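Here's the structure we're looking at; comments come further down.
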Amino acid sequence: MDEREQREIEAHLKEKVAAYHEAALLFTAVTSGLPDLLKAEPRTPEALAWESGLQAGPLRRFLRGLATMRLCEEREDGRFALTPAGEALTHGHPSNLGEKAFVAVGQYWMPWMSLSYALRTGKPSFPFALNKKIADWRGRNADEGRFFFRYLAKEELANPGAVTDAIGDLGEGAAIVSLGGGYGAWLADVLNRHPAAQGIVFDAPPVLDDAKRLFEALDLTDRISLVAGDVLEDAPHGADVYVLKGVLQQHDDMGATAILKNCRAAMGPKARLLILERLMPETALDDPAAIMLDLHMMAITGGRARTKAEMEALIDDAGLTLAAVTEIEDATSLVEARRPDSNP
């Protein structure tokens with residue numbers, strides 16, 4: 001590494017360290033509802049303060065902070081107007097940026113700040129930082145969990161093709177299961193492209209309550225079965241395709257193996273198991289995003305991202321056979337497993 005490259009890296013790191021204030025501004029703007037209020041019409045800080053229950057003086061200073069990020073602009077008459085970039089933070093915007101700010105800063109900031117706990121103990125830092133396990137944080141009646149799963153569902157509805165393409169051809173009346181992956185919103189695209197197929201969402205009861213409303217809105221309730229359960233303990237029997245989308249990475253090797261064994265017990269001889277995850281590279285610089293995903297799992301759930309060899313070892317330990325590994329969009333890998341006595 002030469003001196004010029006060293007200076008560039010140092011400058012980049014300084015920008016990263018200083019970025020905390022922008023993340024905090026985004027989170028505060030979203031949780032205060034300011035983008036939605038400004039979307040209706042430009043307002044003075046006094047008018048916004050009256051509507052939002054905030055103080056006009058601090059609010060003016062805060063809005064000027066958003067203006068430096070080009071999310072709003074201060075007009076000569078004292079009113080602040082939302083910019084097109086700022087509209088991305090409003091409720092229901094296709095970019096999902098407001099939801100991402102809420103989840104990333106509200107749920108992940110403190111656990112990442114507490115990574116030293118994970119380094120000292122080998123346990124996730126999420127419970128240490130927020131005094132609650134991730135399962136409880138996203139459990140019954142938890143607004144944070146509902147927000148998180150809705151965020152994932154919007155992402156899947158906006159970018160549905162990868163899973164559908166990975167599943168490929170389906171037989172008449174085939175059943176596809178989303179295992180422990182939230183609302184399983186990606187199933188909507190599968191069912192629309194395969195009119196004779198049936199979908200199953202297998203997850204905890206609180207998740208299914210909202211999943212039901214989602215598929216009602218999509219007019220797919222007659223083709224979706226909602227089955228309550230825990231992938232660490234069981235899986236629905238008799239389906240044709242089982243899908244674990246971003247699930248194994250949330251668990252340590254013991255948990256991941258238990259999930260795969262449950263899939264093995266539920267699968268018939270012709271069934272396929274599709275695992276969609278970002279695999280770890282051989283060296284860190286080959287895929288920095290995968291490394292960050294692995295660290296995220298270390299901080300939040302205690303799980304981990306895995307190399308192809310590590311994934312194959314898990315599959316083998318569960319009594320399954322690796323059938324194929326294919327890279328699909330966004331560097332995600334499709335790992336297909338079958339029973340040893342598979343009869344495609």
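Identifiers in the structure tokens: chain A, B, ... in order shown; residue index from 1 per chain; ligand index from 1 in order shown.
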Inset, instruction - Show which residues sit within 10 Å of A:Leu63, as a PyMOL selection string. Count only C-alpha atoms, and ignore same-chain residues fewer than 6 positions away. - result: chain A and resi 25+29+34+45+69+71-74+80-81
Selected residues written out with N, CA and C atoms, as a PDB file, in the first residue's frame:
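The new file again.pdb reads:
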```pdb
ATOM      1  N   LEU A  25     -30.097  11.902  11.904  1.00  0.00           N
ATOM      2  CA  LEU A  25     -31.060  12.848  11.334  1.00  0.00           C
ATOM      3  C   LEU A  25     -32.157  12.112  10.566  1.00  0.00           C
ATOM      4  N   ALA A  29     -36.054  12.148  11.684  1.00  0.00           N
ATOM      5  CA  ALA A  29     -37.038  12.699  10.752  1.00  0.00           C
ATOM      6  C   ALA A  29     -38.174  11.715  10.517  1.00  0.00           C
ATOM      7  N   LEU A  34     -41.884  13.903  10.090  1.00  0.00           N
ATOM      8  CA  LEU A  34     -41.696  15.174   9.397  1.00  0.00           C
ATOM      9  C   LEU A  34     -41.791  15.070   7.877  1.00  0.00           C
ATOM     10  N   PRO A  45     -41.360  26.259  10.600  1.00  0.00           N
ATOM     11  CA  PRO A  45     -41.089  25.452  11.793  1.00  0.00           C
ATOM     12  C   PRO A  45     -42.180  25.598  12.850  1.00  0.00           C
ATOM     13  N   MET A  69     -28.510  17.878   3.733  1.00  0.00           N
ATOM     14  CA  MET A  69     -28.546  16.569   3.076  1.00  0.00           C
ATOM     15  C   MET A  69     -29.434  16.596   1.833  1.00  0.00           C
ATOM     16  N   LEU A  71     -32.596  17.032   1.658  1.00  0.00           N
ATOM     17  CA  LEU A  71     -33.866  16.365   1.872  1.00  0.00           C
ATOM     18  C   LEU A  71     -35.010  17.362   1.968  1.00  0.00           C
ATOM     19  N   CYS A  72     -34.688  18.602   2.307  1.00  0.00           N
ATOM     20  CA  CYS A  72     -35.658  19.689   2.265  1.00  0.00           C
ATOM     21  C   CYS A  72     -34.903  20.972   1.943  1.00  0.00           C
ATOM     22  N   GLU A  73     -35.637  22.012   1.643  1.00  0.00           N
ATOM     23  CA  GLU A  73     -35.004  23.285   1.328  1.00  0.00           C
ATOM     24  C   GLU A  73     -35.691  24.409   2.091  1.00  0.00           C
ATOM     25  N   GLU A  74     -34.885  25.371   2.525  1.00  0.00           N
ATOM     26  CA  GLU A  74     -35.414  26.517   3.269  1.00  0.00           C
ATOM     27  C   GLU A  74     -35.714  27.645   2.291  1.00  0.00           C
ATOM     28  N   PHE A  80     -40.175  25.545   5.015  1.00  0.00           N
ATOM     29  CA  PHE A  80     -39.329  24.458   4.542  1.00  0.00           C
ATOM     30  C   PHE A  80     -40.162  23.559   3.627  1.00  0.00           C
ATOM     31  N   ALA A  81     -39.566  23.181   2.492  1.00  0.00           N
ATOM     32  CA  ALA A  81     -40.257  22.336   1.518  1.00  0.00           C
ATOM     33  C   ALA A  81     -39.488  21.038   1.326  1.00  0.00           C
TER      34      ALA A  81
END
```
Rows by chain and residue number, stretch 130-169 of chain A within 10 Å of stretch 265-284 of chain A, shortest pair, only C-alpha atoms, as JSON lines:
```
{"residue": "A:Ala162", "atom": "CA", "partner": "A:Leu276", "partner_atom": "CA", "distance": 9.5}
{"residue": "A:Val163", "atom": "CA", "partner": "A:Leu276", "partner_atom": "CA", "distance": 8.2}
{"residue": "A:Ala166", "atom": "CA", "partner": "A:Leu274", "partner_atom": "CA", "distance": 8.2}
{"residue": "A:Ile167", "atom": "CA", "partner": "A:Leu274", "partner_atom": "CA", "distance": 7.8}
```
Expected file contents, prior selection, all heavy atoms, as a short mmCIF file (atom, residue, chain, number, x, y, z; two decimals), in the first residue's frame:
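Below is the file result04.cif, written as the result:
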```cif
data_model
loop_
_atom_site.label_atom_id
_atom_site.label_comp_id
_atom_site.auth_asym_id
_atom_site.auth_seq_id
_atom_site.Cartn_x
_atom_site.Cartn_y
_atom_site.Cartn_z
N ALA A 162 -36.13 -13.05 -8.37
CA ALA A 162 -35.04 -13.99 -8.10
C ALA A 162 -35.54 -15.32 -7.58
O ALA A 162 -35.11 -16.39 -8.04
CB ALA A 162 -34.06 -13.37 -7.11
N VAL A 163 -36.46 -15.30 -6.62
CA VAL A 163 -36.95 -16.55 -6.04
C VAL A 163 -37.77 -17.32 -7.06
O VAL A 163 -37.63 -18.53 -7.21
CB VAL A 163 -37.79 -16.28 -4.78
CG1 VAL A 163 -38.21 -17.59 -4.14
CG2 VAL A 163 -36.98 -15.46 -3.79
N ALA A 166 -35.54 -18.89 -9.49
CA ALA A 166 -34.79 -19.98 -8.87
C ALA A 166 -35.64 -21.25 -8.75
O ALA A 166 -35.14 -22.36 -8.92
CB ALA A 166 -34.29 -19.55 -7.49
N ILE A 167 -36.92 -21.07 -8.46
CA ILE A 167 -37.80 -22.22 -8.31
C ILE A 167 -37.98 -22.93 -9.65
O ILE A 167 -38.04 -24.16 -9.72
CB ILE A 167 -39.16 -21.79 -7.74
CG1 ILE A 167 -38.99 -21.39 -6.27
CG2 ILE A 167 -40.21 -22.88 -7.88
CD1 ILE A 167 -40.22 -20.79 -5.64
#
```
Would you write out, as JSON lines, a table of all residues in stretch 31-133 of chain A that have an atom no more than 10 Å from an atom of stretch 288-310 of chain A, listing for each the closest atom pair and the distance in Å to one decimal, considering only C-alpha atoms and ordering rows by chain and rising residue number?
```
{"residue": "A:Gln107", "atom": "CA", "partner": "A:Ile300", "partner_atom": "CA", "distance": 9.0}
{"residue": "A:Tyr108", "atom": "CA", "partner": "A:Ile300", "partner_atom": "CA", "distance": 7.4}
{"residue": "A:Met110", "atom": "CA", "partner": "A:Ala299", "partner_atom": "CA", "distance": 9.7}
{"residue": "A:Pro111", "atom": "CA", "partner": "A:Ala299", "partner_atom": "CA", "distance": 5.9}
{"residue": "A:Trp112", "atom": "CA", "partner": "A:Ala299", "partner_atom": "CA", "distance": 6.2}
{"residue": "A:Met113", "atom": "CA", "partner": "A:Ala299", "partner_atom": "CA", "distance": 9.3}
{"residue": "A:Ser114", "atom": "CA", "partner": "A:Ala299", "partner_atom": "CA", "distance": 8.0}
{"residue": "A:Leu115", "atom": "CA", "partner": "A:Ala299", "partner_atom": "CA", "distance": 6.2}
{"residue": "A:Ser116", "atom": "CA", "partner": "A:Ala299", "partner_atom": "CA", "distance": 9.5}
{"residue": "A:Tyr117", "atom": "CA", "partner": "A:Ala299", "partner_atom": "CA", "distance": 8.8}
{"residue": "A:Ala118", "atom": "CA", "partner": "A:Ala299", "partner_atom": "CA", "distance": 6.6}
{"residue": "A:Leu119", "atom": "CA", "partner": "A:Met298", "partner_atom": "CA", "distance": 9.2}
{"residue": "A:Gly122", "atom": "CA", "partner": "A:Gly302", "partner_atom": "CA", "distance": 8.2}
{"residue": "A:Lys123", "atom": "CA", "partner": "A:Gly302", "partner_atom": "CA", "distance": 6.1}
{"residue": "A:Pro124", "atom": "CA", "partner": "A:Ala299", "partner_atom": "CA", "distance": 4.6}
{"residue": "A:Ser125", "atom": "CA", "partner": "A:Ala299", "partner_atom": "CA", "distance": 4.9}
{"residue": "A:Phe126", "atom": "CA", "partner": "A:Ile300", "partner_atom": "CA", "distance": 5.0}
{"residue": "A:Pro127", "atom": "CA", "partner": "A:Ile300", "partner_atom": "CA", "distance": 8.2}
{"residue": "A:Phe128", "atom": "CA", "partner": "A:Ala299", "partner_atom": "CA", "distance": 9.9}
{"residue": "A:Ala129", "atom": "CA", "partner": "A:Ala299", "partner_atom": "CA", "distance": 9.8}
{"residue": "A:Lys133", "atom": "CA", "partner": "A:Thr301", "partner_atom": "CA", "distance": 8.3}
```
Legend entry - For A:Leu152, the nearest of the candidates A:Ala47, A:Ala185, A:Leu82, A:Leu26, counting only C-alpha atoms: A:Ala185
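In this model, the gap between atom CA of A:Glu216 and atom CA of A:Val247 comes to 24.8 Å.
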Legend entry - Members of stretch 118-239 of chain A assigned alpha helix (DSSP H) by DSSP, as a PyMOL selection string: chain A and resi 118-121+126-130+134-137+143-158+161-167+187-193+205-217
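Coordinates place atom CA of A:Arg338 at a distance of 9.2 Å from atom CA of A:Gly319.
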Inset, instruction - Find the spatial neighbours of stretch 229-246 of chain A, counting only C-alpha atoms, within a cut-off of 10 Å - ignore same-chain residues fewer than 3 positions away - and output them as a PyMOL selection string. - result: chain A and resi 163+167+170-171+173-182+184+186+198-205+208+226+249-251+254-278+305+332+334-337
Legend entry - Of the listed residues A:Arg75, A:Ala324, A:Tyr183, A:Thr28, that which approaches A:Leu59 most closely, counting only C-alpha atoms: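 Closest candidate: A:Thr28.
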Inset, instruction - Take atom CA of A:Gly98 and atom CA of A:Phe149 and report the distance between them in Å, one decimal. - result: 14.1 Å
Inset, instruction - Compare A:Asp77, A:Asp330, A:Glu144, A:Glu51 by their minimum atom-to-atom distance to A:Gly33, counting only C-alpha atoms, and give me the closest one. - result: A:Glu51
Legend entry - Who sits within 10 Å of A:Glu87, only C-alpha atoms, same chain under 6 positions skipped, as a list in words: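 Skipping anything fewer than 6 positions along the chain leaves Pro35, Asp36, Leu38, Lys39, Leu71, Cys72, His93, Ser95, Leu97 and Gly98 of chain A.
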Can those selected residues be exported to a file as an mmCIF file, in the first residue's frame so that it contains N, CA and C atoms?
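See again-v2.cif below for the written result:
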```
data_model
loop_
_atom_site.group_PDB
_atom_site.id
_atom_site.type_symbol
_atom_site.label_atom_id
_atom_site.label_comp_id
_atom_site.auth_asym_id
_atom_site.auth_seq_id
_atom_site.Cartn_x
_atom_site.Cartn_y
_atom_site.Cartn_z
ATOM 1 N N PRO A 35 -41.229 14.050 7.241
ATOM 2 C CA PRO A 35 -41.346 13.983 5.781
ATOM 3 C C PRO A 35 -42.795 13.957 5.300
ATOM 4 N N ASP A 36 -43.651 13.227 6.008
ATOM 5 C CA ASP A 36 -45.053 13.141 5.586
ATOM 6 C C ASP A 36 -45.773 14.471 5.796
ATOM 7 N N LEU A 38 -44.338 17.457 5.662
ATOM 8 C CA LEU A 38 -43.833 18.393 4.658
ATOM 9 C C LEU A 38 -44.284 18.020 3.249
ATOM 10 N N LYS A 39 -44.599 16.765 3.042
ATOM 11 C CA LYS A 39 -45.055 16.346 1.713
ATOM 12 C C LYS A 39 -46.383 17.017 1.358
ATOM 13 N N LEU A 71 -32.596 17.032 1.658
ATOM 14 C CA LEU A 71 -33.866 16.365 1.872
ATOM 15 C C LEU A 71 -35.010 17.362 1.968
ATOM 16 N N CYS A 72 -34.688 18.602 2.307
ATOM 17 C CA CYS A 72 -35.658 19.689 2.265
ATOM 18 C C CYS A 72 -34.903 20.972 1.943
ATOM 19 N N HIS A 93 -43.417 5.098 0.273
ATOM 20 C CA HIS A 93 -42.602 5.377 -0.911
ATOM 21 C C HIS A 93 -41.938 4.089 -1.400
ATOM 22 N N SER A 95 -39.101 3.391 -2.520
ATOM 23 C CA SER A 95 -37.702 3.187 -2.162
ATOM 24 C C SER A 95 -37.537 2.444 -0.836
ATOM 25 N N LEU A 97 -36.963 3.642 1.902
ATOM 26 C CA LEU A 97 -35.843 4.243 2.617
ATOM 27 C C LEU A 97 -36.206 4.607 4.050
ATOM 28 N N GLY A 98 -37.420 5.130 4.260
ATOM 29 C CA GLY A 98 -37.838 5.473 5.606
ATOM 30 C C GLY A 98 -37.860 4.257 6.513
#
```
Inset, instruction - Mind checking which residues fall within 10 Å of A:Asn96, counting only C-alpha atoms, ignoring those fewer than 6 positions away in the same chain, and posting them as a list in words? - result: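 Within the cut-off, the hits are Ala88, Leu89, Thr90, Tyr151, Leu152, Lys154, Glu155 and Ala158 of chain A.
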Output of the above residues as a PDB file, in the first residue's frame, restricted to N, CA, C and O atoms:
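To be explicit, this is the file written out as again-v5.pdb:
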```pdb
ATOM      1  N   ALA A  88     -38.478  10.323  -0.543  1.00  0.00           N
ATOM      2  CA  ALA A  88     -38.143   8.907  -0.384  1.00  0.00           C
ATOM      3  C   ALA A  88     -38.288   8.445   1.063  1.00  0.00           C
ATOM      4  O   ALA A  88     -38.348   7.241   1.335  1.00  0.00           O
ATOM      5  N   LEU A  89     -38.366   9.398   1.998  1.00  0.00           N
ATOM      6  CA  LEU A  89     -38.527   9.056   3.411  1.00  0.00           C
ATOM      7  C   LEU A  89     -39.987   8.979   3.835  1.00  0.00           C
ATOM      8  O   LEU A  89     -40.272   8.615   4.978  1.00  0.00           O
ATOM      9  N   THR A  90     -40.914   9.308   2.944  1.00  0.00           N
ATOM     10  CA  THR A  90     -42.324   9.319   3.316  1.00  0.00           C
ATOM     11  C   THR A  90     -42.889   7.907   3.366  1.00  0.00           C
ATOM     12  O   THR A  90     -42.369   6.977   2.739  1.00  0.00           O
ATOM     13  N   TYR A 151     -41.205  -4.229   6.335  1.00  0.00           N
ATOM     14  CA  TYR A 151     -40.086  -3.741   5.521  1.00  0.00           C
ATOM     15  C   TYR A 151     -39.581  -4.845   4.595  1.00  0.00           C
ATOM     16  O   TYR A 151     -39.392  -4.632   3.395  1.00  0.00           O
ATOM     17  N   LEU A 152     -39.376  -6.045   5.132  1.00  0.00           N
ATOM     18  CA  LEU A 152     -38.923  -7.160   4.306  1.00  0.00           C
ATOM     19  C   LEU A 152     -39.944  -7.496   3.217  1.00  0.00           C
ATOM     20  O   LEU A 152     -39.571  -7.781   2.069  1.00  0.00           O
ATOM     21  N   LYS A 154     -42.099  -5.516   1.752  1.00  0.00           N
ATOM     22  CA  LYS A 154     -42.056  -4.504   0.695  1.00  0.00           C
ATOM     23  C   LYS A 154     -40.860  -4.722  -0.221  1.00  0.00           C
ATOM     24  O   LYS A 154     -40.946  -4.575  -1.443  1.00  0.00           O
ATOM     25  N   GLU A 155     -39.716  -5.089   0.372  1.00  0.00           N
ATOM     26  CA  GLU A 155     -38.527  -5.368  -0.425  1.00  0.00           C
ATOM     27  C   GLU A 155     -38.772  -6.554  -1.355  1.00  0.00           C
ATOM     28  O   GLU A 155     -38.379  -6.539  -2.525  1.00  0.00           O
ATOM     29  N   ALA A 158     -41.160  -5.692  -4.185  1.00  0.00           N
ATOM     30  CA  ALA A 158     -40.539  -4.810  -5.171  1.00  0.00           C
ATOM     31  C   ALA A 158     -39.531  -5.547  -6.047  1.00  0.00           C
ATOM     32  O   ALA A 158     -39.295  -5.154  -7.191  1.00  0.00           O
TER      33      ALA A 158
END
```
Inset, instruction - Per DSSP on the backbone, filter stretch 27-254 of chain A down to the residues in strand (DSSP E) and report them as a list in words. - result: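 Those in stretch 27-254 of chain A that DSSP calls strand (DSSP E) are Cys72, Glu73, Glu74, Phe80, Ala81, Leu82, Ala175, Ile176, Val177, Ser178, Leu179, Gln198, Gly199, Ile200, Val201, Phe202, Asp203, Ile224, Ser225, Leu226, Val227, Ala228, Val241, Tyr242, Val243, Leu244 and Lys245 of chain A.
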Inset, instruction - Pick out the closest residue to A:Ala24 from this set: A:Ala331, A:Ala11, A:Ala104, A:Ala49. Count only C-alpha atoms. - result: A:Ala104
